Structure formats: structure tokens, C-alpha cells
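Student: Contents of work10.csv (CSV, C-alpha atoms and all ligand atoms) are below:
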chain,number,residue,atom,x,y,z
A,26,MET,CA,170.4,119.2,49.1
A,27,ILE,CA,168.2,117.4,46.6
A,28,LYS,CA,168.5,114.2,48.7
A,29,ARG,CA,167.5,116.1,51.8
A,30,ALA,CA,164.5,117.6,50.1
A,31,PHE,CA,163.5,114.2,48.8
A,32,LEU,CA,163.7,112.7,52.2
A,33,ALA,CA,161.6,115.6,53.6
A,34,SER,CA,159.0,114.9,50.9
A,35,LEU,CA,158.9,111.3,51.9
A,36,LEU,CA,158.4,112.1,55.5
A,37,MET,CA,155.6,114.5,54.7
A,38,LEU,CA,153.9,111.8,52.6
A,39,ALA,CA,154.2,109.3,55.4
A,40,ALA,CA,152.7,111.9,57.8
A,41,CYS,CA,149.8,112.4,55.4
A,42,ALA,CA,149.2,108.7,55.1
A,43,THR,CA,148.9,108.2,58.8
A,44,THR,CA,147.0,111.4,59.8
A,45,PRO,CA,143.3,110.7,59.9
A,46,VAL,CA,141.3,112.8,57.5
A,47,ALA,CA,138.3,114.4,59.1
A,48,GLU,CA,135.2,113.1,57.3
A,49,HIS,CA,132.3,115.5,56.7
A,50,PRO,CA,129.0,114.2,55.4
A,51,ALA,CA,128.1,115.3,51.9
A,52,GLN,CA,125.6,118.1,51.8
A,53,PRO,CA,122.1,116.5,51.9
A,54,MET,CA,119.7,116.9,49.0
A,55,ASN,CA,117.3,119.8,49.3
A,56,LEU,CA,114.1,118.4,50.8
A,57,THR,CA,111.7,120.4,48.7
A,58,GLU,CA,113.4,119.2,45.5
A,59,LEU,CA,113.4,115.6,46.8
A,60,LYS,CA,109.7,115.8,47.3
A,61,GLU,CA,109.3,117.1,43.8
A,62,GLN,CA,111.2,114.2,42.5
A,63,LEU,CA,109.1,111.7,44.5
A,64,LEU,CA,105.9,113.3,43.2
A,65,ASP,CA,107.2,113.1,39.6
A,66,TYR,CA,108.3,109.5,40.1
A,67,HIS,CA,104.8,108.6,41.3
A,68,ASP,CA,102.7,110.7,38.9
A,69,SER,CA,104.7,109.9,35.8
A,70,GLY,CA,103.8,106.3,36.1
A,71,ALA,CA,107.4,105.3,36.6
A,72,TYR,CA,106.7,104.0,40.1
A,73,GLU,CA,103.9,101.7,39.0
A,74,ARG,CA,105.9,100.5,36.1
A,75,ASP,CA,108.8,99.6,38.4
A,76,VAL,CA,106.5,97.8,40.8
A,77,ALA,CA,104.9,96.0,37.9
A,78,VAL,CA,108.3,94.6,36.7
A,79,VAL,CA,108.9,93.0,40.1
A,80,ALA,CA,105.2,91.8,40.5
A,81,GLU,CA,105.5,90.1,37.1
A,82,GLU,CA,108.8,88.4,38.0
A,83,ALA,CA,107.1,87.1,41.2
A,84,ARG,CA,104.0,86.0,39.3
A,85,ILE,CA,106.0,84.0,36.8
A,86,TRP,CA,108.0,82.3,39.5
A,87,ILE,CA,105.0,81.5,41.7
A,88,VAL,CA,103.0,80.0,38.9
A,89,GLN,CA,105.9,77.9,37.7
A,90,ARG,CA,107.1,76.8,41.1
A,91,ALA,CA,103.7,76.1,42.8
A,92,PRO,CA,103.0,72.7,41.3
A,93,GLN,CA,106.5,71.5,42.2
A,94,VAL,CA,106.2,71.7,46.0
A,95,GLU,CA,104.1,70.5,48.9
A,96,ARG,CA,101.5,73.1,50.1
A,97,PRO,CA,102.9,76.1,48.3
A,98,ALA,CA,102.5,79.5,50.0
A,99,ILE,CA,103.5,83.1,49.5
A,100,VAL,CA,104.0,85.9,51.9
A,101,PHE,CA,103.0,89.5,51.2
A,102,ASP,CA,103.8,92.5,53.1
A,103,ILE,CA,100.8,94.9,53.2
A,104,ASP,CA,101.8,98.6,53.1
A,105,GLU,CA,103.3,99.8,49.8
A,106,THR,CA,103.4,96.1,48.7
A,107,THR,CA,99.8,95.1,48.3
A,108,ILE,CA,98.1,98.3,49.5
A,109,SER,CA,99.1,101.8,48.5
A,110,ASN,CA,98.9,104.6,51.1
A,111,TRP,CA,99.8,107.2,48.6
A,112,THR,CA,96.7,109.3,49.4
A,113,ARG,CA,97.8,109.6,53.0
A,114,THR,CA,101.5,110.1,52.2
A,115,LEU,CA,100.6,113.0,49.9
A,116,ALA,CA,98.1,114.5,52.4
A,117,ASN,CA,100.8,114.5,55.0
A,118,ASP,CA,103.4,115.9,52.7
A,119,TYR,CA,105.5,112.7,53.2
A,120,GLY,CA,105.1,113.0,57.0
A,121,TYR,CA,103.7,110.3,59.2
A,122,PHE,CA,101.3,111.0,62.1
A,123,VAL,CA,100.0,108.1,64.2
A,124,ASP,CA,97.1,109.8,66.0
A,125,GLY,CA,94.4,112.2,64.9
A,126,PRO,CA,91.5,112.0,62.5
A,127,CYS,CA,91.8,111.4,58.8
A,128,ASP,CA,88.7,113.3,57.6
A,129,ARG,CA,90.2,115.9,55.4
A,130,LEU,CA,91.5,113.9,52.4
A,131,PRO,CA,92.8,114.7,50.0
A,132,ARG,CA,94.3,117.7,51.7
A,133,GLY,CA,95.0,116.2,55.2
A,134,PRO,CA,96.4,116.0,57.7
A,135,CYS,CA,95.6,112.3,58.1
A,136,GLY,CA,96.3,110.1,61.2
A,137,ALA,CA,97.6,106.7,60.3
A,138,PHE,CA,95.4,104.7,62.7
A,139,ALA,CA,92.2,106.5,61.6
A,140,TYR,CA,93.2,105.9,58.0
A,141,GLU,CA,93.9,102.2,58.6
A,142,ASP,CA,90.7,101.7,60.6
A,143,GLY,CA,88.8,103.4,57.8
A,144,ALA,CA,90.2,100.9,55.3
A,145,MET,CA,91.2,103.8,53.0
A,146,GLY,CA,94.2,102.3,51.2
A,147,ASP,CA,94.1,101.5,47.5
A,148,ALA,CA,95.2,98.3,45.7
A,149,ILE,CA,98.5,98.2,44.1
A,150,ALA,CA,97.2,96.9,40.7
A,151,PRO,CA,100.2,94.9,39.5
A,152,MET,CA,100.5,93.1,42.8
A,153,LEU,CA,96.8,92.4,42.9
A,154,ALA,CA,97.3,90.6,39.5
A,155,THR,CA,100.1,88.5,41.1
A,156,TYR,CA,97.8,87.7,44.1
A,157,GLN,CA,95.1,86.6,41.7
A,158,ALA,CA,97.5,84.4,39.7
A,159,ALA,CA,98.7,82.8,42.9
A,160,ARG,CA,95.2,82.0,44.1
A,161,GLU,CA,94.3,80.5,40.7
A,162,ALA,CA,97.4,78.3,41.1
A,163,ASP,CA,96.1,77.2,44.5
A,164,VAL,CA,98.9,78.9,46.4
A,165,ALA,CA,98.1,79.8,50.0
A,166,VAL,CA,98.5,83.5,50.7
A,167,PHE,CA,99.8,85.0,54.0
A,168,PHE,CA,100.0,88.6,54.8
A,169,ILE,CA,102.6,89.7,57.4
A,170,THR,CA,102.4,93.3,58.4
A,171,GLY,CA,104.0,95.6,60.9
A,172,ARG,CA,100.6,96.9,61.9
A,173,ARG,CA,99.5,95.9,65.3
A,174,GLU,CA,96.5,93.7,66.3
A,175,GLN,CA,94.4,96.8,67.1
A,176,ARG,CA,94.3,97.5,63.4
A,177,ARG,CA,93.2,94.0,62.3
A,178,ALA,CA,89.5,94.8,61.5
A,179,GLY,CA,90.3,97.8,59.3
A,180,THR,CA,93.3,96.0,57.7
A,181,GLU,CA,91.3,92.9,56.7
A,182,ARG,CA,88.4,95.1,55.5
A,183,ASN,CA,90.8,97.1,53.4
A,184,LEU,CA,92.3,94.0,51.9
A,185,ARG,CA,88.9,92.6,51.0
A,186,ARG,CA,87.6,95.9,49.7
A,187,VAL,CA,90.4,96.3,47.1
A,188,GLY,CA,90.3,92.7,45.9
A,189,TYR,CA,92.5,90.6,48.2
A,190,THR,CA,89.6,88.5,49.3
A,191,GLU,CA,91.1,85.2,50.4
A,192,TRP,CA,94.0,84.3,52.7
A,193,ALA,CA,95.4,81.6,54.9
A,194,GLY,CA,96.5,84.1,57.4
A,195,VAL,CA,96.9,87.8,58.2
A,196,VAL,CA,99.7,88.2,60.8
A,197,LEU,CA,99.9,91.4,62.7
A,198,ARG,CA,102.3,92.5,65.5
A,199,PRO,CA,101.0,91.8,69.0
A,200,ALA,CA,98.9,94.6,70.5
A,201,GLN,CA,101.5,95.4,73.1
A,202,GLY,CA,105.3,95.1,73.3
A,203,PRO,CA,108.4,96.7,71.9
A,204,SER,CA,108.8,97.8,68.3
A,205,THR,CA,111.5,95.3,67.4
A,206,PRO,CA,113.1,95.6,64.0
A,207,ALA,CA,110.8,94.4,61.3
A,208,ALA,CA,113.1,91.5,60.2
A,209,ASP,CA,113.3,90.2,63.8
A,210,TYR,CA,109.5,90.0,63.9
A,211,LYS,CA,108.7,88.9,60.3
A,212,GLY,CA,111.4,86.1,59.9
A,213,PRO,CA,110.1,84.0,62.8
A,214,GLN,CA,106.6,84.5,61.6
A,215,ARG,CA,107.6,82.9,58.3
A,216,ALA,CA,109.2,80.1,60.2
A,217,ARG,CA,105.9,79.5,62.0
A,218,ILE,CA,104.1,79.2,58.6
A,219,GLU,CA,106.7,76.7,57.5
A,220,ALA,CA,106.2,74.8,60.7
A,221,MET,CA,102.5,74.5,59.7
A,222,GLY,CA,103.7,72.5,56.7
A,223,TYR,CA,103.7,75.2,54.0
A,224,THR,CA,106.6,75.8,51.6
A,225,ILE,CA,107.0,79.5,51.2
A,226,ILE,CA,108.0,79.9,47.6
A,227,ALA,CA,108.0,83.7,47.5
A,228,ASN,CA,108.2,86.5,50.0
A,229,ILE,CA,107.3,89.9,48.6
A,230,GLY,CA,107.8,93.3,50.3
A,231,ASP,CA,108.8,96.9,49.8
A,232,GLN,CA,111.5,97.0,52.5
A,233,GLN,CA,114.6,94.9,52.8
A,234,SER,CA,113.5,94.3,56.4
A,235,ASP,CA,110.5,92.5,55.0
A,236,LEU,CA,112.8,90.0,53.2
A,237,ASP,CA,115.8,89.5,55.5
A,238,GLY,CA,115.9,86.5,57.8
A,239,GLY,CA,115.3,83.7,55.3
A,240,HIS,CA,112.4,81.3,55.3
A,241,ALA,CA,111.4,81.8,51.7
A,242,GLU,CA,112.7,80.2,48.5
A,243,ARG,CA,112.8,83.6,46.7
A,244,THR,CA,112.4,87.2,47.7
A,245,PHE,CA,111.0,90.1,45.7
A,246,LEU,CA,111.6,93.7,46.6
A,247,VAL,CA,109.3,96.4,45.1
A,248,PRO,CA,110.5,100.0,45.1
A,249,ASN,CA,109.5,102.4,47.9
A,250,PRO,CA,111.5,105.6,47.9
A,251,PHE,CA,108.9,107.3,50.0
A,252,TYR,CA,109.8,105.9,53.5
A,253,ARG,CA,112.1,103.4,55.1
A,254,ILE,CA,111.2,100.7,57.8
A,255,HIS,CA,114.1,99.3,59.7
B,1,MG,MG,105.6,97.7,53.5
Kindly transcribe the structure held in the file into C-alpha cells.
Tutor:
Amino acid sequence: MIKRAFLASLLMLAACATTPVAEHPAQPMNLTELKEQLLDYHDSGAYERDVAVVAEEARIWIVQRAPQVERPAIVFDIDETTISNWTRTLANDYGYFVDGPCDRLPRGPCGAFAYEDGAMGDAIAPMLATYQAAREADVAVFFITGRREQRRAGTERNLRRVGYTEWAGVVLRPAQGPSTPAADYKGPQRARIEAMGYTIIANIGDQQSDLDGGHAERTFLVPNPFYRIH
């Protein structure tokens, strides 16, 4: 009797092991509470502190490495790496709208293209310091952004206005064409810079897709919990 019960238990265990368990996603976080956390992360100073840690690591590496290579260069992403769009992000309550005016700040709504054409972004101060150290070390600076060519004038004006006054190149996506994944666009652009004879000693971005695809000695990822670019 005991033997039979034991056998039955074994069979049940075997059945359990082979029966697929239905997977349910965990209950997502409440969006209002997540927004409150993001606001606190930004306004407490923790965000800038975390950015500053990475910017300082990059600065130390760049200044040390630059004299050791031929034609040293660095690559920066723009949005949330060198320029902060926090004002727009907050005005849109963490939403993103391509079209429409941006004439109601700080309340919003704020269209992204109008905002970019208006050169309204702010400097990310720790990264501006890294940029300045790189320039003092005679490192060529390239910006590679997912913004398209139509936004070049406003983008360059914004960079200059907040202190990024010199560069070897600002690379934007073509005016037309599909929105390929960022890494598929940015990696080959870094390869082009290398083909010009530069050694990319650092690549700095706020998205993993800024950094994937190689063509840099070291990569540096600053935090951005506010949005994701694939
Ligand atoms: Mg970015």
C-alpha cells in the first residue's frame, strides 16, 4: 500500500515537472508612483550625482589616454548625455510629442521638434566639464545623435549656447529613411570616424544602444530612467 502510494507520488512529481507552468507577468508598478519616484530622483540631486560619477570616470580616462594614441577622439550622444531635456520631459509629464508648438513652458505641452529647433535644452553640467577637459587635452569631439538632419541648425545652436562650442563633427540621422535601431546607425558612424584616422578613446551615452556595436576603446553609460531608446 505504502509502495503504491509512493509510486503514485513519484508519477505526480514527474507530471508536475513536465507540465508547462503558465507564466503571468508580474503586476506592473503604478505609473503615478513611478513618476513620483522619477521626480524625486531628479529633484533630490541624486540623478546629477549619478551622472557626475560617470562623467568623472570618463574625464579621468580621456585625459590619461589622449596623449598615448594618434588623433584621439571621443563620441558623445546628445540628448540626456550632453544636453538635458528635463524641462520638456516634465512639461509633457514624461510623454513625448513630435509635433506641435513648444510655447507654454514650463507647463507644456511641448512639441519635440519645436523644442529642438528653439535650442531650449540645458547643459548637463558634469558632462560639460568632461567636454572641456577633453578639449584642453586636444581631443577631437564628435556628437552622434538620433535627431535627423532637419534639426541640425537648432541642435548645433543649442550645443553652442550651453557651452559645447567646438567639435570635429555633429552627426545626425539622414533627413529621410527608416528609423533603424540606434546601435545599427551609430556603430557604423563611429567606424566612419575611425576611417578618417581618429582613435575613439571614449564613447559616452545615456542608452545602451548608444554604446553597442564597438568602435570605441571604452564606453561610458550615464543613467536615464526617464525613457528608453532601442
Ligand atoms: Mg541620448
Student: Each residue of chain A lying at most 9 Å from ligand MG 1 (chain B) should get a row with its shortest atom-to-atom pair and the distance in Å to one decimal, counting all atoms listed in the file; could you produce that, ordered by chain and increasing number, as JSON lines?
Tutor:
{"residue": "A:Phe101", "atom": "CA", "partner": "B:MG1", "partner_atom": "MG", "distance": 8.9}
{"residue": "A:Asp102", "atom": "CA", "partner": "B:MG1", "partner_atom": "MG", "distance": 5.5}
{"residue": "A:Ile103", "atom": "CA", "partner": "B:MG1", "partner_atom": "MG", "distance": 5.6}
{"residue": "A:Asp104", "atom": "CA", "partner": "B:MG1", "partner_atom": "MG", "distance": 3.9}
{"residue": "A:Glu105", "atom": "CA", "partner": "B:MG1", "partner_atom": "MG", "distance": 4.8}
{"residue": "A:Thr106", "atom": "CA", "partner": "B:MG1", "partner_atom": "MG", "distance": 5.5}
{"residue": "A:Thr107", "atom": "CA", "partner": "B:MG1", "partner_atom": "MG", "distance": 8.2}
{"residue": "A:Ile108", "atom": "CA", "partner": "B:MG1", "partner_atom": "MG", "distance": 8.5}
{"residue": "A:Thr170", "atom": "CA", "partner": "B:MG1", "partner_atom": "MG", "distance": 7.3}
{"residue": "A:Gly171", "atom": "CA", "partner": "B:MG1", "partner_atom": "MG", "distance": 7.9}
{"residue": "A:Gly230", "atom": "CA", "partner": "B:MG1", "partner_atom": "MG", "distance": 5.9}
{"residue": "A:Asp231", "atom": "CA", "partner": "B:MG1", "partner_atom": "MG", "distance": 5.0}
{"residue": "A:Gln232", "atom": "CA", "partner": "B:MG1", "partner_atom": "MG", "distance": 6.0}
{"residue": "A:Asp235", "atom": "CA", "partner": "B:MG1", "partner_atom": "MG", "distance": 7.3}
{"residue": "A:Asn249", "atom": "CA", "partner": "B:MG1", "partner_atom": "MG", "distance": 8.3}
{"residue": "A:Arg253", "atom": "CA", "partner": "B:MG1", "partner_atom": "MG", "distance": 8.8}
{"residue": "A:Ile254", "atom": "CA", "partner": "B:MG1", "partner_atom": "MG", "distance": 7.7}
Student: Which residue, A:Ala71, A:Val79, A:Val88, A:Leu64, has the smallest gap to Leu115 (chain A) when you use only C-alpha atoms?
Tutor: A:Leu64
Student: Separation of CA of Pro134 (chain A) and CA of Arg173 (chain A), in Å?
Tutor: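 We find that CA of Pro134 (chain A) and CA of Arg173 (chain A) lie 21.7 Å from each other.
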Student: Every residue with an atom at most 8 Å from (98.3, 108.9, 58.3) (file coordinates; all atoms listed in the file) is what I'm after, so could you write them as a list in words?
Tutor: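 All residues meeting the 8 Å criterion around (98.3, 108.9, 58.3) are Arg113, Thr114, Asn117, Tyr121, Phe122, Val123, Asp124, Cys127, Pro134, Cys135, Gly136, Ala137, Phe138, Ala139 and Tyr140 of chain A.
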Student: What lies within 12 Å of region 89-98 of chain A using all atoms listed in the file, ignoring chain neighbours under 5 positions off, as JSON, numbers by chain?
Tutor: {"A": [82, 83, 84, 156, 158, 159, 160, 161, 162, 163, 164, 165, 166, 167, 168, 192, 193, 194, 215, 218, 219, 220, 221, 222, 223, 224, 225, 226, 227, 228, 229, 240, 241, 242, 243]}
Student: Hey, what's within 10 Å of region 51-62 of chain A if we count only C-alpha atoms and toss same-chain stuff fewer than 2 positions away? As a ChimeraX atom specification, please?
Tutor: /A:48-49,64-68,115,118-119,251
Student: Considering only C-alpha atoms, can you say which of A:Val247, A:Ile169, A:Ile87, A:Ile99 comes closest to Val195 (chain A)?
Tutor: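 The answer is A:Ile169, which sits nearest to Val195 (chain A).
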Student: Could you check how far CA of Gln214 (chain A) sits from CA of Val196 (chain A), in Å to one decimal?
Tutor: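 Distance reported for this atom pair: 7.9 Å.
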Student: Figure out the distance between CA of Ala207 (chain A) and CA of Gly146 (chain A), please, to one decimal in Å.
Tutor: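 That distance, rounded to one decimal, is 21.0 Å.
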Student: Return the single residue from A:Gly125, A:Gly202, A:Gly143, A:Pro50 that is closest to Arg182 (chain A), with distances computed using only C-alpha atoms.
Tutor: A:Gly143
Student: Calculated over only C-alpha atoms, which of the candidates A:Gly238, A:Ala216, A:Tyr210, A:Phe245 has the smallest distance to Val76 (chain A)?
Tutor: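 Using only C-alpha atoms, the shortest distance to Val76 (chain A) belongs to A:Phe245.
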Student: Would you compute the box with edges along x, y and z of the file around region 87-99 of chain A, including every atom the file lists for it and 5 Å extra on each side, and give its centre and edge lengths in Å to one decimal, as lines of an AutoDock Vina configuration file?
Tutor:
center_x = 104.3
center_y = 76.8
center_z = 43.9
size_x = 15.6
size_y = 22.6
size_z = 22.4
Student: I need the residue nearest Gln175 (chain A) from this list: A:Asp142, A:Asp128, A:Asp147, A:Glu191. Use all atoms listed in the file for the distance.
Tutor: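 Using all atoms listed in the file, Gln175 (chain A) sits closest to A:Asp142.
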Student: When you count all atoms listed in the file, which of these residues is closest to Tyr72 (chain A): A:Trp111, A:Arg217, A:Arg177, A:Ala208?
Tutor: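 Closest to Tyr72 (chain A), using all atoms listed in the file: A:Trp111.
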